[in-house]
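Q: Please read through the structure below; I'll follow up with questions.
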Amino acid sequence: MAIEEFKFLEKTIELEKREELGSAYKVRSYSEKLKLMESKKIPQKPILDVLNHLFTENKEISTKTKNSISKIIYSPNDRIIILNTSLGQDIIWKRNKLIYLYGWFFYVSKPKTKPSKAKKEKKKREPKKEEVTISKEMLHLGELSIPLKEKENMRSLYHSREYIRYLKIIKSDKITQKPIKEVLHDFLMENKDIPTKEKKSIGKIIYYQKERVIVVKSLIGDKMYEHLKSMVKKYGWYFYITGVPVGESDISKAIDKIERKFDVDYFKDLSLSAGNKDEKLRVTIYPIVLKPNHNCHILGLGKLNILLDCGISEPKIIQNEVANEQSEPTEQRDELEIEKDVNSEEEAEQEKNLTKPDDFKHIDDYIQNLPQLISEAENEKSDSDENESLLPYLPKIDAVFISHSHFDHVSGLKKLIKLNPELPILCSRITLDLFLLRDSHYLKQEQNDFIEEEEYRKIVENVIYVENGDKLEFKEKNCFLSFFHAGHMPGALMFLAKVNDFRFLYTGDYTYYDITPFAGTKRFLEQISRPIDYLLIDGTAAQEEYGNIADQFHSLILFLEQKAEYEDNVLIGADPSSLAISFMLTFWRYFRKLQLRKGYTKRPNIYVDMMVRKNIQVINHRYEYIYGPISRLIRDKANPFNSIKFRWFDRKDLEFLRNKNNIIISHPPDLSYGLIRNIINVVGRNPHNLVFLAGAIHEQPGMDLISGGTEIEFSETWKAPFRAFLINTFMPQLKIKLHADKAQLTEMIKILEPKEVCFFHQSIKKLIKVVDYVKELGVEKVNLPKKRKLLILN
């Protein structure tokens, strides 16, 4: 440790050098920026050159902040400069620019001050008061009927910087606070600045007499906010304009009413052993399908057989575009129909034979031929040629695990339960909700307080809920199943099976890093004991390299900010249950910060289709099972989904397309069906508008568009010119996907230390180089799955 001094004008600042800094300063953003400096080879400038330029020439940091710095600590080895200051917000905001300019990470630390005795006593004497409702009534004015509440002890959420600024205006201008009923009558009946449509969209009004705050909860509030200053001066009240609560999920509540057959102790009564004391509990894997957009393996644990996902299909499938916007898929769903004609005896016989679909036949073949499959696998493993032996038990499928609700992992679940009505299903609450939301006809029901379709009620009855960290034990000691958060989308889980000392991990689809608002696997991997003996891992994007996900989002946001400046419209095509939600929250947070910190006046409205809203309602209802800051915000009633900047639309409400400065988020990204076609038909005609199709594009007309097409062909009779700015063709390296890339795969391998790795969810051709790469990371055995070939893993 060396202590020196640095002089800035007439001020002397203490300068301390340390060889290494503690972990408190090496926050997550530091790790990311350190990787950035290393990957971009940003040179690290000498400390005195950095400080001289920062204090004398750098115009990005205010003089006020520079004068507030009392001490500087730096570590050349860690590339960190700690600035001790009571201010420093502009340093944090400009951190990226400072990194590129100087090659150092800047950490802001506030000076430690001891609270005075008086402050300590005051803190003890005045505990935080809870918000209390004083009165409530229904306000009737003309055609309007609005719930009205008076409260006291205003919550901190409403105590914003904007409120403080307007409160100062009220006090300095000595504006009289008018009676609340007089204010509301004038505001709702006489004020011509606020259009009737906005007044009719108000869902609730809350007021705090002492704090002079009126909270208006409304679906629309553009003109209210535009005339906020004049309303404050006219009425002597500050108006906090916010959105109507997004609400709980009806489908989640309907599901909760259904009584389930199995409880969490179900597996405690199951034994993996066939009864032989000297028997070694065998662990096997058997891939059912390896086709694109299909996922299904059978995991053998002793005498038990567990299906890992049920993304399997039926024979004689007609693949039609799904036209119904309410029940469309999340990942390349096609409507499945079996051809039928009861008038023909021959076809009737064919229909009879279709009771066991093709992929289900492979499950039956596994069950019937299991002794032979085991014998072949044992002979191959030991290089012997022994005859097949009968099993001392009758094999069957004992349970199915559903990793998440995307169609390519659940397409065969309804048929599976129809064929096996007593089969337990392991999945999370959110996975079950989202599966029924998309797959069933619940959204078409006239009543929404129960599930009408018998086949879906049967599925709910068979579910055993599992969540992150849950553990299901078998009869045998040291044998259990456990589950861990997988990222990728709400409710997604990884599956760990431990049989004595052998550990098997199935990732399902995963993301390692956090992507707002969903936590990745990174923060949960430490809960898993290592090494993993066999890792079955998602290989969808294992051969790709996206770069830093935060940088990808930032690049997209720069486009959006430019369009907002000129008040152009933006259309984002994204999956409604995952990326759409990530986009809307990321964009909302960015533009909100601009507004609060810099007085940004061109904050865009974010329009989201109703299917996305239904998914959000599930998250809102099940928030305690979402991992990340969003769960805490919903719990603390600071729910960002309730923002007035979020607008929900359906087919009957597309008037907003005439307005300017909107970000519109809809689905699917390939434009293959649904309401997004109507939107791009309008947005895509204007060369000033911007379009970004996020995620995988496998269908027309999306494929034609990203290949440079200038016309969108929705059907033979419906074609539209496309003149908008398409990011996919201008910047093809901008990839925002919720599948882990090569960098995330690397982190998983390093942390889990697997002895053997096998990929799924990608063609063998694309994974050859990835196999070699994983071997270079030190994994002993890396292989690719072989369809319907049983492997003994232990």
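Ordering of the structure tokens sets the chain letters (A, B, ...); residue numbers start at 1 within each chain; ligands are numbered from 1 in the order shown.
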So that I can see what lies close to stretch 490-495 of chain A, please list as a list in words the residues with an atom at most 6 Å from it, counting only C-alpha atoms and leaving out residues fewer than 2 positions away in the same chain.

A: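 The contact residues come out as Ser403, His404, Ser428, Ile430, Thr431, Phe483, Phe484, His485, Ala486, Leu505, Tyr506, Thr507 and Gly508 of chain A.
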
Q: Taking the DSSP assignment computed from this structure's backbone, write out as a list in words all residues of stretch 408-517 of chain A that belong to strand (DSSP E or B).

A: Ile425, Leu426, Cys427, Val463, Ile464, Tyr465, Lys471, Leu472, Glu473, Cys479, Phe480, Leu481, Ser482, Phe483, Phe484, His485, Leu493, Met494, Phe495, Leu496, Ala497, Lys498, Val499, Phe502, Arg503, Phe504, Leu505, Tyr506 and Ile515 of chain A

Q: Skip A:Ser715 itself and residues of its chain fewer than 2 positions away, then list as an NGL selection string all residues within 12 Å of it, counting only C-alpha atoms.

A: :A and (321 or 671-673 or 677 or 700-701 or 711-713 or 717-720)

Q: List the spatial neighbours of A:Ser643 as an MDAnalysis selection string - criterion: any atom at most 9 Å away, only C-alpha atoms, same-chain residues fewer than 6 positions off excluded.

A: chainID A and resid 219 241:246 588

Q: Could you save those same residues with N, CA, C and O atoms as a PDB file, in the first residue's frame?

A:
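Below is the file that was written, again-v4.pdb:
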ATOM      1  N   LEU A 219     -55.182   3.576 -18.201  1.00  0.00           N
ATOM      2  CA  LEU A 219     -54.609   2.849 -19.334  1.00  0.00           C
ATOM      3  C   LEU A 219     -53.868   3.787 -20.276  1.00  0.00           C
ATOM      4  O   LEU A 219     -52.905   3.405 -20.932  1.00  0.00           O
ATOM      5  N   ILE A 241     -49.098   9.938 -12.407  1.00  0.00           N
ATOM      6  CA  ILE A 241     -49.860   9.220 -13.429  1.00  0.00           C
ATOM      7  C   ILE A 241     -49.209   7.856 -13.665  1.00  0.00           C
ATOM      8  O   ILE A 241     -48.039   7.773 -14.061  1.00  0.00           O
ATOM      9  N   THR A 242     -49.940   6.809 -13.398  1.00  0.00           N
ATOM     10  CA  THR A 242     -49.393   5.458 -13.545  1.00  0.00           C
ATOM     11  C   THR A 242     -50.412   4.559 -14.228  1.00  0.00           C
ATOM     12  O   THR A 242     -51.536   4.975 -14.508  1.00  0.00           O
ATOM     13  N   GLY A 243     -50.027   3.331 -14.502  1.00  0.00           N
ATOM     14  CA  GLY A 243     -50.889   2.415 -15.244  1.00  0.00           C
ATOM     15  C   GLY A 243     -51.845   1.650 -14.350  1.00  0.00           C
ATOM     16  O   GLY A 243     -51.720   1.626 -13.125  1.00  0.00           O
ATOM     17  N   VAL A 244     -52.804   1.028 -14.998  1.00  0.00           N
ATOM     18  CA  VAL A 244     -53.741   0.144 -14.310  1.00  0.00           C
ATOM     19  C   VAL A 244     -53.033  -1.186 -14.045  1.00  0.00           C
ATOM     20  O   VAL A 244     -52.319  -1.687 -14.918  1.00  0.00           O
ATOM     21  N   PRO A 245     -53.173  -1.772 -12.859  1.00  0.00           N
ATOM     22  CA  PRO A 245     -52.498  -3.046 -12.576  1.00  0.00           C
ATOM     23  C   PRO A 245     -52.779  -4.095 -13.642  1.00  0.00           C
ATOM     24  O   PRO A 245     -53.912  -4.223 -14.119  1.00  0.00           O
ATOM     25  N   VAL A 246     -51.721  -4.823 -14.031  1.00  0.00           N
ATOM     26  CA  VAL A 246     -51.851  -5.834 -15.084  1.00  0.00           C
ATOM     27  C   VAL A 246     -52.731  -6.993 -14.630  1.00  0.00           C
ATOM     28  O   VAL A 246     -53.332  -7.694 -15.429  1.00  0.00           O
ATOM     29  N   TRP A 588     -38.343  -0.242 -21.316  1.00  0.00           N
ATOM     30  CA  TRP A 588     -39.030   0.607 -20.329  1.00  0.00           C
ATOM     31  C   TRP A 588     -38.036   1.193 -19.340  1.00  0.00           C
ATOM     32  O   TRP A 588     -38.068   2.392 -19.048  1.00  0.00           O
TER      33      TRP A 588
END

Q: Can you pull out every residue within 12 Å of stretch 31-33 of chain A, counting only C-alpha atoms, but drop anything in the same chain fewer than 6 positions away, and send it as a VMD selection string?

A: chain A and resid 23 25 39 to 42 78 to 80 95 to 100 103 to 107 513 547 to 551

Q: Leaving out A:Tyr240 and any residue of its chain fewer than 6 positions from it, which residues lie within 10 Å of it when counting only C-alpha atoms, given as a list in words?

A: Tyr158, His159, Ser160, Glu162, Tyr163, Ile205, Ile206, Tyr207, Val213, Ile214, Val215, Val216, Lys217, Met224, Tyr225 and Leu228 of chain A

Q: Could you take the residues named above and write them with all heavy atoms, as a compact mmCIF listing (two decimals), in the first residue's frame?

A:
# COMPACT_ATOMS: atom_id res chain seq x y z
N TYR A 158 -44.14 6.84 -4.71
CA TYR A 158 -44.69 8.09 -5.26
C TYR A 158 -43.83 9.30 -4.89
O TYR A 158 -44.06 10.39 -5.40
CB TYR A 158 -46.12 8.31 -4.77
CG TYR A 158 -47.06 7.17 -5.07
CD1 TYR A 158 -48.02 6.75 -4.16
CD2 TYR A 158 -46.99 6.49 -6.30
CE1 TYR A 158 -48.88 5.70 -4.44
CE2 TYR A 158 -47.84 5.44 -6.59
CZ TYR A 158 -48.78 5.04 -5.65
OH TYR A 158 -49.63 4.00 -5.94
N HIS A 159 -42.90 9.11 -4.00
CA HIS A 159 -42.04 10.22 -3.53
C HIS A 159 -40.87 10.37 -4.50
O HIS A 159 -39.71 10.23 -4.14
CB HIS A 159 -41.55 9.93 -2.11
CG HIS A 159 -41.19 11.14 -1.34
ND1 HIS A 159 -39.97 11.76 -1.46
CD2 HIS A 159 -41.90 11.88 -0.44
CE1 HIS A 159 -39.92 12.81 -0.66
NE2 HIS A 159 -41.09 12.90 -0.03
N SER A 160 -41.17 10.67 -5.75
CA SER A 160 -40.17 10.71 -6.82
C SER A 160 -39.49 12.07 -6.89
O SER A 160 -39.92 13.05 -6.26
CB SER A 160 -40.82 10.40 -8.16
OG SER A 160 -41.81 11.37 -8.45
N GLU A 162 -39.53 13.93 -9.45
CA GLU A 162 -40.49 14.80 -10.11
C GLU A 162 -41.46 15.40 -9.10
O GLU A 162 -41.79 16.60 -9.16
CB GLU A 162 -41.25 14.00 -11.17
CG GLU A 162 -42.17 14.82 -12.04
CD GLU A 162 -42.86 13.96 -13.09
OE1 GLU A 162 -43.75 13.18 -12.70
OE2 GLU A 162 -42.48 14.06 -14.27
N TYR A 163 -41.89 14.59 -8.15
CA TYR A 163 -42.80 15.07 -7.09
C TYR A 163 -42.13 16.17 -6.28
O TYR A 163 -42.74 17.22 -6.01
CB TYR A 163 -43.21 13.90 -6.19
CG TYR A 163 -43.77 14.31 -4.86
CD1 TYR A 163 -44.97 15.03 -4.78
CD2 TYR A 163 -43.11 14.00 -3.67
CE1 TYR A 163 -45.50 15.40 -3.55
CE2 TYR A 163 -43.62 14.37 -2.44
CZ TYR A 163 -44.82 15.07 -2.39
OH TYR A 163 -45.32 15.46 -1.17
N ILE A 205 -58.46 6.21 -8.64
CA ILE A 205 -57.79 7.42 -8.17
C ILE A 205 -57.56 7.29 -6.67
O ILE A 205 -58.47 6.92 -5.91
CB ILE A 205 -58.63 8.69 -8.47
CG1 ILE A 205 -58.75 8.90 -9.99
CG2 ILE A 205 -57.99 9.93 -7.83
CD1 ILE A 205 -59.64 10.06 -10.38
N ILE A 206 -56.33 7.58 -6.24
CA ILE A 206 -55.96 7.58 -4.82
C ILE A 206 -55.39 8.96 -4.52
O ILE A 206 -54.64 9.51 -5.33
CB ILE A 206 -54.91 6.50 -4.51
CG1 ILE A 206 -55.43 5.11 -4.92
CG2 ILE A 206 -54.51 6.51 -3.04
CD1 ILE A 206 -54.35 4.04 -4.94
N TYR A 207 -55.73 9.53 -3.36
CA TYR A 207 -55.12 10.83 -3.03
C TYR A 207 -54.59 10.84 -1.59
O TYR A 207 -55.10 10.15 -0.71
CB TYR A 207 -56.11 11.98 -3.27
CG TYR A 207 -57.31 12.03 -2.34
CD1 TYR A 207 -57.30 12.85 -1.20
CD2 TYR A 207 -58.46 11.31 -2.62
CE1 TYR A 207 -58.41 12.91 -0.37
CE2 TYR A 207 -59.56 11.36 -1.80
CZ TYR A 207 -59.53 12.17 -0.66
OH TYR A 207 -60.61 12.22 0.17
N VAL A 213 -50.80 14.83 -3.13
CA VAL A 213 -50.57 13.94 -4.27
C VAL A 213 -51.88 13.26 -4.67
O VAL A 213 -52.59 12.71 -3.81
CB VAL A 213 -49.50 12.87 -3.96
CG1 VAL A 213 -49.42 11.84 -5.07
CG2 VAL A 213 -48.14 13.52 -3.75
N ILE A 214 -52.18 13.28 -5.97
CA ILE A 214 -53.29 12.51 -6.54
C ILE A 214 -52.69 11.47 -7.47
O ILE A 214 -52.01 11.80 -8.45
CB ILE A 214 -54.26 13.43 -7.33
CG1 ILE A 214 -54.92 14.45 -6.39
CG2 ILE A 214 -55.33 12.58 -8.03
CD1 ILE A 214 -55.76 15.49 -7.12
N VAL A 215 -52.92 10.19 -7.17
CA VAL A 215 -52.42 9.09 -8.00
C VAL A 215 -53.53 8.69 -8.96
O VAL A 215 -54.62 8.28 -8.54
CB VAL A 215 -51.99 7.88 -7.14
CG1 VAL A 215 -51.51 6.74 -8.04
CG2 VAL A 215 -50.90 8.28 -6.15
N VAL A 216 -53.27 8.83 -10.26
CA VAL A 216 -54.25 8.48 -11.29
C VAL A 216 -53.77 7.19 -11.97
O VAL A 216 -52.72 7.17 -12.60
CB VAL A 216 -54.39 9.61 -12.33
CG1 VAL A 216 -55.39 9.20 -13.41
CG2 VAL A 216 -54.81 10.91 -11.67
N LYS A 217 -54.54 6.13 -11.83
CA LYS A 217 -54.20 4.85 -12.47
C LYS A 217 -55.05 4.72 -13.73
O LYS A 217 -56.28 4.58 -13.65
CB LYS A 217 -54.44 3.68 -11.52
CG LYS A 217 -53.56 3.76 -10.27
CD LYS A 217 -53.56 2.49 -9.47
CE LYS A 217 -52.54 2.56 -8.34
NZ LYS A 217 -52.40 1.28 -7.63
N MET A 224 -52.42 13.85 -20.11
CA MET A 224 -52.31 14.18 -18.68
C MET A 224 -50.88 14.56 -18.33
O MET A 224 -50.62 15.55 -17.65
CB MET A 224 -52.75 12.97 -17.81
CG MET A 224 -54.23 12.70 -17.78
SD MET A 224 -54.59 11.38 -16.59
CE MET A 224 -55.41 10.18 -17.62
N TYR A 225 -49.96 13.72 -18.83
CA TYR A 225 -48.55 13.98 -18.51
C TYR A 225 -48.06 15.25 -19.23
O TYR A 225 -47.29 16.02 -18.67
CB TYR A 225 -47.68 12.79 -18.89
CG TYR A 225 -46.34 12.81 -18.19
CD1 TYR A 225 -46.22 12.36 -16.89
CD2 TYR A 225 -45.22 13.34 -18.83
CE1 TYR A 225 -44.99 12.41 -16.23
CE2 TYR A 225 -44.00 13.39 -18.19
CZ TYR A 225 -43.90 12.92 -16.89
OH TYR A 225 -42.70 12.99 -16.24
N LEU A 228 -49.14 18.20 -17.19
CA LEU A 228 -48.93 18.03 -15.75
C LEU A 228 -48.61 19.35 -15.05
O LEU A 228 -49.18 19.67 -14.00
CB LEU A 228 -47.81 17.00 -15.51
CG LEU A 228 -47.45 16.71 -14.05
CD1 LEU A 228 -48.66 16.23 -13.27
CD2 LEU A 228 -46.33 15.68 -13.97
